[in-house]
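Peer 1: I'm passing along coords_39.tsv; it holds TSV, C-alpha atoms.
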chain	number	residue	atom	x	y	z
A	11	MET	CA	0.00	0.00	0.00
A	12	GLY	CA	1.43	3.35	-1.03
A	13	CYS	CA	1.70	6.70	0.70
A	14	ASP	CA	-1.11	9.15	0.05
A	15	VAL	CA	-0.07	12.58	-1.25
A	16	LEU	CA	-1.90	15.92	-1.30
A	17	VAL	CA	-1.19	18.31	-4.19
A	18	VAL	CA	-2.19	21.94	-3.55
A	19	ASP	CA	-2.17	24.41	-6.44
A	20	ASP	CA	-4.75	26.84	-7.82
A	21	SER	CA	-3.81	25.69	-11.32
A	22	ALA	CA	-5.58	22.50	-12.38
A	23	ALA	CA	-2.88	22.14	-15.04
A	24	ILE	CA	-0.10	21.96	-12.46
A	25	ARG	CA	-2.11	19.56	-10.29
A	26	LYS	CA	-2.50	17.30	-13.31
A	27	ILE	CA	1.20	17.53	-14.21
A	28	LEU	CA	2.29	16.78	-10.64
A	29	GLN	CA	-0.05	13.77	-10.51
A	30	ARG	CA	1.53	12.44	-13.68
A	31	VAL	CA	5.06	13.11	-12.43
A	32	LEU	CA	4.33	11.48	-9.07
A	33	ARG	CA	3.09	8.33	-10.82
A	34	GLN	CA	6.28	8.28	-12.91
A	35	THR	CA	8.72	8.62	-10.03
A	36	GLY	CA	8.88	4.93	-9.33
A	37	MET	CA	7.94	5.59	-5.72
A	38	VAL	CA	5.19	3.78	-3.86
A	39	ILE	CA	2.28	6.18	-4.02
A	40	GLY	CA	-1.31	5.48	-3.04
A	41	ASP	CA	-4.05	8.05	-3.54
A	42	ILE	CA	-3.24	11.54	-4.75
A	43	PHE	CA	-5.65	14.16	-3.39
A	44	GLU	CA	-6.02	17.65	-4.85
A	45	ALA	CA	-6.82	21.06	-3.41
A	46	GLY	CA	-7.04	24.44	-5.15
A	47	ASP	CA	-5.93	26.56	-2.18
A	48	GLY	CA	-4.90	26.34	1.46
A	49	GLU	CA	-8.45	26.24	2.78
A	50	GLU	CA	-9.34	23.30	0.58
A	51	ALA	CA	-6.10	21.61	1.61
A	52	LEU	CA	-6.96	21.87	5.31
A	53	ALA	CA	-10.38	20.38	4.55
A	54	VAL	CA	-8.72	17.42	2.80
A	55	LEU	CA	-6.27	16.98	5.66
A	56	GLY	CA	-9.20	16.91	8.07
A	57	GLY	CA	-10.63	13.86	6.34
A	58	GLN	CA	-7.62	12.01	4.94
A	59	LYS	CA	-4.33	10.79	6.33
A	60	VAL	CA	-1.63	11.91	3.89
A	61	SER	CA	2.11	11.30	4.07
A	62	LEU	CA	3.29	14.25	2.01
A	63	VAL	CA	2.01	17.63	0.81
A	64	LEU	CA	3.20	19.42	-2.33
A	65	SER	CA	2.03	23.02	-2.23
A	66	ASP	CA	2.19	26.13	-4.37
A	67	ILE	CA	2.71	29.46	-2.56
A	68	ASN	CA	0.73	32.05	-4.50
A	69	MET	CA	-2.91	30.97	-4.24
A	70	PRO	CA	-6.19	32.74	-3.53
A	71	LYS	CA	-7.97	32.57	-0.14
A	72	MET	CA	-5.17	30.89	1.83
A	73	ASP	CA	-1.70	30.81	0.30
A	74	GLY	CA	0.97	28.14	0.71
A	75	ILE	CA	2.83	29.96	3.46
A	76	GLN	CA	-0.37	30.27	5.49
A	77	LEU	CA	-1.14	26.60	4.86
A	78	LEU	CA	2.35	25.62	6.00
A	79	ALA	CA	2.00	27.70	9.17
A	80	ALA	CA	-1.41	26.19	9.93
A	81	MET	CA	-0.09	22.66	9.47
A	82	LYS	CA	2.97	23.21	11.65
A	83	ALA	CA	0.74	24.67	14.40
A	84	ALA	CA	-1.55	21.61	14.40
A	85	PRO	CA	-0.23	18.54	16.27
A	86	ALA	CA	-2.05	16.18	13.88
A	87	TRP	CA	-0.31	17.64	10.82
A	88	HIS	CA	2.91	18.97	12.30
A	89	ASP	CA	5.03	16.07	11.11
A	90	ILE	CA	3.70	15.83	7.56
A	91	PRO	CA	6.49	17.01	5.23
A	92	VAL	CA	5.48	19.94	3.02
A	93	VAL	CA	7.44	20.56	-0.18
A	94	MET	CA	6.80	23.93	-1.82
A	95	VAL	CA	6.46	23.74	-5.62
A	96	THR	CA	6.20	27.30	-6.80
A	97	THR	CA	7.19	30.03	-9.18
A	98	GLU	CA	7.94	32.21	-6.19
A	99	GLY	CA	11.70	32.31	-5.82
A	100	GLY	CA	12.13	35.48	-3.82
A	101	GLU	CA	14.58	35.15	-0.96
A	102	ALA	CA	12.04	36.42	1.56
A	103	LYS	CA	9.45	33.79	0.63
A	104	VAL	CA	12.01	30.97	0.55
A	105	SER	CA	13.38	32.01	3.94
A	106	GLU	CA	9.90	32.23	5.40
A	107	ALA	CA	8.99	28.78	4.11
A	108	VAL	CA	12.21	27.30	5.53
A	109	ARG	CA	11.67	29.09	8.86
A	110	LEU	CA	8.16	27.65	9.09
A	111	GLY	CA	9.47	24.15	8.47
A	112	ALA	CA	9.10	23.45	4.74
A	113	ALA	CA	10.78	20.15	3.91
A	114	GLY	CA	11.88	21.28	0.47
A	115	TYR	CA	11.50	23.77	-2.32
A	116	VAL	CA	11.10	23.16	-6.06
A	117	ARG	CA	10.89	26.11	-8.38
A	118	LYS	CA	8.62	26.09	-11.46
A	119	PRO	CA	9.32	25.28	-14.21
A	120	PHE	CA	10.45	21.89	-12.97
A	121	THR	CA	11.54	18.61	-14.49
A	122	ALA	CA	10.28	15.21	-13.38
A	123	ASP	CA	13.79	14.43	-12.14
A	124	GLN	CA	13.82	17.51	-9.92
A	125	ILE	CA	10.55	16.45	-8.31
A	126	LYS	CA	11.76	12.88	-7.90
A	127	GLU	CA	15.03	13.98	-6.35
A	128	LYS	CA	13.28	16.30	-3.90
A	129	LEU	CA	10.80	13.62	-2.80
A	130	ALA	CA	13.29	10.77	-2.52
A	131	GLY	CA	13.64	11.13	1.23
A	132	PHE	CA	9.93	11.26	1.91
A	133	LEU	CA	8.42	8.46	-0.13
A	134	PRO	CA	9.54	4.83	-0.34
A	135	ALA	CA	10.90	3.60	-3.64
A	136	ALA	CA	9.05	0.80	-5.40
A	137	GLN	CA	10.63	-2.64	-4.99
A	138	THR	CA	12.17	-4.04	-8.15
A	139	SER	CA	12.54	-7.78	-8.60
B	15	MET	CA	22.75	46.70	-18.92
B	16	ASN	CA	19.74	48.99	-18.63
B	17	LEU	CA	16.41	47.78	-17.31
B	18	LYS	CA	14.75	47.39	-20.71
B	19	ASP	CA	17.57	45.14	-21.92
B	20	HIS	CA	17.42	43.24	-18.65
B	21	ILE	CA	13.67	42.65	-19.12
B	22	VAL	CA	14.17	41.51	-22.72
B	23	GLN	CA	16.90	39.09	-21.67
B	24	SER	CA	14.88	37.79	-18.71
B	25	ILE	CA	11.80	37.22	-20.87
B	26	SER	CA	13.82	35.29	-23.45
B	27	GLN	CA	15.48	33.10	-20.83
B	28	ALA	CA	12.19	32.47	-19.02
B	29	VAL	CA	10.25	31.57	-22.18
B	30	GLU	CA	12.95	29.22	-23.41
B	31	ALA	CA	13.21	27.52	-19.99
B	32	VAL	CA	9.47	27.12	-19.52
B	33	PHE	CA	8.88	25.80	-23.03
B	34	SER	CA	11.76	23.35	-22.93
B	35	THR	CA	11.02	22.11	-19.40
B	36	MET	CA	7.23	22.01	-19.27
B	37	LEU	CA	6.29	21.55	-22.93
B	38	GLY	CA	9.32	19.78	-24.36
B	39	ALA	CA	9.36	22.43	-27.09
B	40	SER	CA	11.81	24.95	-28.41
B	41	VAL	CA	10.94	28.48	-29.43
B	42	VAL	CA	12.75	31.04	-31.55
B	43	PRO	CA	13.11	34.56	-30.13
B	44	GLY	CA	11.86	37.15	-32.59
B	45	GLU	CA	11.25	40.85	-32.86
B	46	ILE	CA	11.68	43.17	-29.88
B	47	THR	CA	9.67	46.39	-29.72
B	48	PHE	CA	8.98	49.06	-27.13
B	49	GLU	CA	5.42	50.30	-27.22
B	50	HIS	CA	3.26	52.86	-25.47
B	51	GLY	CA	-0.19	51.57	-24.63
B	52	ALA	CA	-1.89	48.37	-25.70
B	53	PRO	CA	-2.85	47.42	-29.27
B	54	ASP	CA	-6.11	48.97	-30.47
B	55	THR	CA	-7.92	45.67	-30.63
B	56	GLN	CA	-6.92	42.10	-29.96
B	57	ASP	CA	-8.18	38.63	-30.78
B	58	GLY	CA	-7.36	35.37	-29.08
B	59	VAL	CA	-6.07	34.63	-25.61
B	60	LEU	CA	-4.51	37.24	-23.33
B	61	SER	CA	-3.18	36.21	-19.94
B	62	PHE	CA	-1.79	38.77	-17.53
B	63	ILE	CA	-0.31	39.04	-14.05
B	64	GLY	CA	0.27	42.10	-11.92
B	65	VAL	CA	3.69	42.82	-10.44
B	66	ALA	CA	3.92	44.88	-7.23
B	67	GLY	CA	6.59	46.10	-4.87
B	68	SER	CA	9.16	48.86	-5.14
B	69	TRP	CA	8.45	48.61	-8.86
B	70	ALA	CA	5.01	47.80	-10.23
B	71	GLY	CA	3.53	46.83	-13.56
B	72	THR	CA	2.07	44.00	-15.58
B	73	GLY	CA	3.36	41.00	-17.46
B	74	CYS	CA	1.29	39.25	-20.09
B	75	VAL	CA	1.31	36.53	-22.71
B	76	SER	CA	-0.92	36.83	-25.78
B	77	CYS	CA	-1.47	34.16	-28.39
B	78	SER	CA	-3.95	32.76	-30.86
B	79	PRO	CA	-6.47	30.09	-29.88
B	80	VAL	CA	-4.39	27.59	-31.88
B	81	VAL	CA	-1.27	28.34	-29.83
B	82	ALA	CA	-3.29	28.21	-26.59
B	83	CYS	CA	-4.53	24.73	-27.52
B	84	ARG	CA	-0.99	23.63	-28.41
B	85	VAL	CA	0.28	24.87	-25.04
B	86	CYS	CA	-2.39	22.87	-23.24
B	87	SER	CA	-1.89	19.76	-25.37
B	88	GLN	CA	1.85	19.66	-24.80
B	89	MET	CA	1.80	20.73	-21.17
B	90	LEU	CA	-0.84	18.21	-20.14
B	91	MET	CA	-0.11	15.56	-22.77
B	92	THR	CA	-3.70	15.68	-23.90
B	93	GLU	CA	-5.54	16.64	-27.06
B	94	SER	CA	-7.04	20.13	-26.95
B	95	THR	CA	-8.81	21.34	-30.08
B	96	ALA	CA	-10.89	24.22	-28.70
B	97	VAL	CA	-10.31	26.86	-26.07
B	98	ASP	CA	-11.99	25.66	-22.88
B	99	GLU	CA	-11.36	26.02	-19.17
B	100	GLU	CA	-8.47	23.56	-19.25
B	101	VAL	CA	-6.75	25.47	-22.06
B	102	LEU	CA	-7.20	28.82	-20.30
B	103	ASP	CA	-5.82	27.31	-17.10
B	104	ALA	CA	-2.77	26.01	-18.94
B	105	VAL	CA	-2.09	29.41	-20.52
B	106	ALA	CA	-2.54	31.07	-17.12
B	107	GLU	CA	0.03	28.72	-15.60
B	108	LEU	CA	2.39	29.26	-18.52
B	109	THR	CA	2.14	33.00	-17.88
B	110	ASN	CA	2.65	32.48	-14.17
B	111	MET	CA	5.85	30.55	-14.78
B	112	ILE	CA	7.21	32.97	-17.40
B	113	ILE	CA	6.43	36.21	-15.59
B	114	GLY	CA	7.32	34.60	-12.26
B	115	SER	CA	10.76	33.67	-13.59
B	116	VAL	CA	11.24	37.19	-14.96
B	117	LYS	CA	10.19	38.61	-11.60
B	118	ASN	CA	12.66	36.36	-9.75
B	119	ASP	CA	15.43	37.55	-12.05
B	120	LEU	CA	14.53	41.24	-11.83
B	121	GLU	CA	14.35	41.05	-8.03
B	122	LEU	CA	18.14	40.77	-7.99
B	123	GLU	CA	18.26	44.31	-9.38
B	124	LEU	CA	15.02	45.88	-8.19
B	125	GLY	CA	14.45	44.33	-4.77
B	126	PRO	CA	11.46	42.28	-3.58
B	127	LEU	CA	8.50	42.06	-5.96
B	128	GLY	CA	5.17	40.27	-5.62
B	129	LEU	CA	2.92	38.62	-8.18
B	130	SER	CA	-0.85	38.61	-8.44
B	131	ILE	CA	-2.96	35.61	-9.44
B	132	PRO	CA	-3.11	35.31	-13.28
B	133	THR	CA	-6.19	36.47	-15.20
B	134	VAL	CA	-7.00	35.13	-18.67
B	135	VAL	CA	-9.20	36.72	-21.33
B	136	PHE	CA	-10.40	34.91	-24.44
B	137	GLY	CA	-12.42	36.63	-27.13
B	138	ARG	CA	-12.47	38.63	-30.32
B	139	ASN	CA	-12.10	42.31	-30.96
B	140	PHE	CA	-11.45	43.26	-27.35
B	141	ARG	CA	-9.46	46.21	-26.05
B	142	THR	CA	-7.28	46.47	-22.99
B	143	LYS	CA	-6.23	49.51	-21.03
B	144	SER	CA	-3.55	49.83	-18.38
B	145	ALA	CA	-3.72	52.70	-15.93
B	146	GLY	CA	0.06	52.96	-15.94
B	147	HIS	CA	2.06	55.04	-18.39
B	148	ALA	CA	5.20	52.92	-18.54
B	149	GLU	CA	6.53	51.69	-21.85
B	150	TRP	CA	5.82	48.06	-22.72
B	151	VAL	CA	8.71	45.77	-23.58
B	152	VAL	CA	7.36	43.38	-26.21
B	153	ARG	CA	9.18	40.21	-27.23
B	154	ARG	CA	7.78	37.99	-29.97
B	155	PHE	CA	8.56	34.30	-30.29
B	156	GLY	CA	8.18	31.77	-33.07
B	157	TRP	CA	7.02	28.26	-32.27
B	158	ASP	CA	7.24	26.22	-35.46
B	159	ALA	CA	4.77	27.96	-37.79
B	160	ASP	CA	2.98	29.71	-34.91
B	161	SER	CA	3.90	32.75	-32.85
B	162	PHE	CA	3.04	34.46	-29.60
B	163	GLU	CA	4.28	37.45	-27.65
B	164	VAL	CA	5.25	38.31	-24.10
B	165	ARG	CA	4.87	41.88	-22.85
B	166	MET	CA	5.97	43.58	-19.69
B	167	CYS	CA	5.77	47.09	-18.31
B	168	LEU	CA	7.36	48.14	-15.08
B	169	ALA	CA	7.76	51.50	-13.35
B	170	PRO	CA	8.90	52.64	-9.91
B	171	SER	CA	6.13	52.62	-7.32
B	172	GLU	CA	5.19	55.82	-5.56
B	173	ASN	CA	5.92	54.19	-2.19
B	174	LYS	CA	9.21	52.66	-3.33
B	175	SER	CA	11.15	54.02	-0.35
B	176	ALA	CA	9.26	51.67	1.96
B	177	LEU	CA	10.67	48.60	0.23
B	178	HIS	CA	13.91	49.73	-1.30
B	179	PRO	CA	16.90	51.60	0.08
B	180	PRO	CA	17.32	55.03	-1.57
B	181	HIS	CA	20.90	54.39	-2.71
B	182	ALA	CA	19.77	51.35	-4.68
B	183	MET	CA	17.08	53.34	-6.46
B	184	GLU	CA	19.56	56.05	-7.40
B	185	SER	CA	21.91	53.53	-8.96
B	186	LEU	CA	19.29	52.32	-11.44
B	187	ASN	CA	18.83	53.57	-14.93
B	188	PRO	CA	15.06	53.30	-15.31
B	189	LEU	CA	14.22	51.90	-18.74
B	190	GLY	CA	17.54	53.06	-20.05
B	191	ASP	CA	16.37	56.46	-21.25
Mind turning the file's structure into structure tokens?
Peer 2:
Amino acid sequence: MGCDVLVVDDSAAIRKILQRVLRQTGMVIGDIFEAGDGEEALAVLGGQKVSLVLSDINMPKMDGIQLLAAMKAAPAWHDIPVVMVTTEGGEAKVSEAVRLGAAGYVRKPFTADQIKEKLAGFLPAAQTS
Amino acid sequence: MNLKDHIVQSISQAVEAVFSTMLGASVVPGEITFEHGAPDTQDGVLSFIGVAGSWAGTGCVSCSPVVACRVCSQMLMTESTAVDEEVLDAVAELTNMIIGSVKNDLELELGPLGLSIPTVVFGRNFRTKSAGHAEWVVRRFGWDADSFEVRMCLAPSENKSALHPPHAMESLNPLGD
């Protein structure tokens, strides 16, 4: 049984691309849930047990930094690794994400290998026989 | 390098990186122009994002419906033949990545900048108007037999002193004029 992952991005295109990339990583992945902003992400987290969150930063309603802060303040979600996948590369935003406990940072545009490399420590690799 | 040249170079690098990485495609940089105001009328897809901070302005990508469908098809590995919500979303994300990359590059010179959420317009015979008076840097690109353009205008904000040290502002050569 694979690890469930939550992908948070206001762009349906990026959510679809990340789903495809995640399935191609060769890692053991179960369900992939989607959310269009931080509020939707918290709603998903309230009903599902996920092992990893990939989140954009610039989103309407609740952005990725606010989502990260909310997760790190909640004991139930504190230990879930959150990898930021975003266009935002400003030093201030990166520093803030790191300070709040982001597990990693991937800047858009990204390659499948960059995503795979960043997630290697968080998801188990598929067994090959 | 003055700011206009910097914007041109950043746009070219960003477009080439986004197309090669996310679409597996290569584009050919084309004509560069500097324009006041928007075109009288436009057809097709126009996607734009606001830039704010010590400098403020707008970045946009405009293309034909055919190019918009190609972007979506190659980005999502699907078959898009008509402009629908999925196509508009793909063009919005393309714009976000291009203008976001330009913003990240320009921040090294201009200080912290923020981006708005992208907005996409699709239609015929529409006009656009920007309240700003800055000159637009326009860079056209060829993509096989198709083409599209990326535009950006940027001007110092009125409250720039709050975000940027005065000495840094004085050292800039705004738009190279």
Peer 1: Ranking B:Val151, B:Leu60, B:Ile131, B:Val97 by minimum distance to A:Thr97 and counting all atoms listed in the file, which one comes first?
Peer 2: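 The closest residue to A:Thr97 is B:Ile131.
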Peer 1: Using all atoms listed in the file, which protein or nucleic acid residues come within 12 Å of A:Val108? Drop anything in the same chain fewer than 6 positions from it, and give the result as a VMD selection string.
Peer 2: chain A and resid 75 78 to 79 82 91 to 94 101 to 102 114 to 115
Peer 1: Restricting the calculation to all atoms listed in the file, which member of B:Ile25, B:Ala70, B:Val116, B:Val164 is positioned closest to chain A?
Peer 2: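 Of B:Ile25, B:Ala70, B:Val116, B:Val164, the one nearest chain A is B:Val116, counting all atoms listed in the file.
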Peer 1: Which polymer residues have any atom within 6 Å of an atom of B:Thr72, counting all atoms listed in the file, with same-chain residues fewer than 2 positions away left out, as a list in words?
Peer 2: Ile63, Gly64, Val65, Met166 and Cys167 of chain B
Peer 1: Counting only C-alpha atoms, which residues of chain A fall within 7 Å of chain B, and what is the closest atom pair for each with its distance in Å at one decimal, ordered by chain and rising number, as a Markdown table?
Peer 2:
| residue | atom | partner | partner_atom | distance |
| --- | --- | --- | --- | --- |
| A:Ser21 | CA | B:Asp103 | CA | 6.3 |
| A:Ala22 | CA | B:Asp103 | CA | 6.7 |
| A:Ala23 | CA | B:Ala104 | CA | 5.5 |
| A:Ile27 | CA | B:Leu90 | CA | 6.3 |
| A:Met69 | CA | B:Ile131 | CA | 7.0 |
| A:Thr97 | CA | B:Gly114 | CA | 5.5 |
| A:Glu98 | CA | B:Gly114 | CA | 6.6 |
| A:Gly99 | CA | B:Asn118 | CA | 5.7 |
| A:Gly100 | CA | B:Asn118 | CA | 6.0 |
| A:Lys118 | CA | B:Met111 | CA | 6.2 |
| A:Pro119 | CA | B:Val32 | CA | 5.6 |
| A:Phe120 | CA | B:Thr35 | CA | 6.5 |
| A:Thr121 | CA | B:Thr35 | CA | 6.1 |
Peer 1: At a cut-off of 8 Å, using all atoms listed in the file, what residues contact B:Glu149? Leave out same-chain residues fewer than 2 positions from it and give the result as a PDB file with C-alpha atoms, in the coordinates of the input.
Peer 2:
ATOM      1  CA  PHE B  48       8.980  49.060 -27.130  1.00  0.00           C
ATOM      2  CA  GLU B  49       5.420  50.300 -27.220  1.00  0.00           C
ATOM      3  CA  HIS B  50       3.260  52.860 -25.470  1.00  0.00           C
ATOM      4  CA  GLY B  51      -0.190  51.570 -24.630  1.00  0.00           C
ATOM      5  CA  HIS B 147       2.060  55.040 -18.390  1.00  0.00           C
ATOM      6  CA  VAL B 151       8.710  45.770 -23.580  1.00  0.00           C
ATOM      7  CA  CYS B 167       5.770  47.090 -18.310  1.00  0.00           C
ATOM      8  CA  LEU B 168       7.360  48.140 -15.080  1.00  0.00           C
TER       9      LEU B 168
END
Peer 1: Around the point (5.1, 12.3, 6.7), in the coordinates given by the file, pick out the residues reaching within 6 Å, counting all atoms listed in the file, and return them as number ranges by chain.
Peer 2: A: 61-62, 89-91
Peer 1: Measure the distance from atom CA of A:Phe43 to atom CA of A:Glu106 in Å and round it to one decimal.
Peer 2: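 Computing the Euclidean distance for atom CA of A:Phe43 and atom CA of A:Glu106 yields 25.4 Å.
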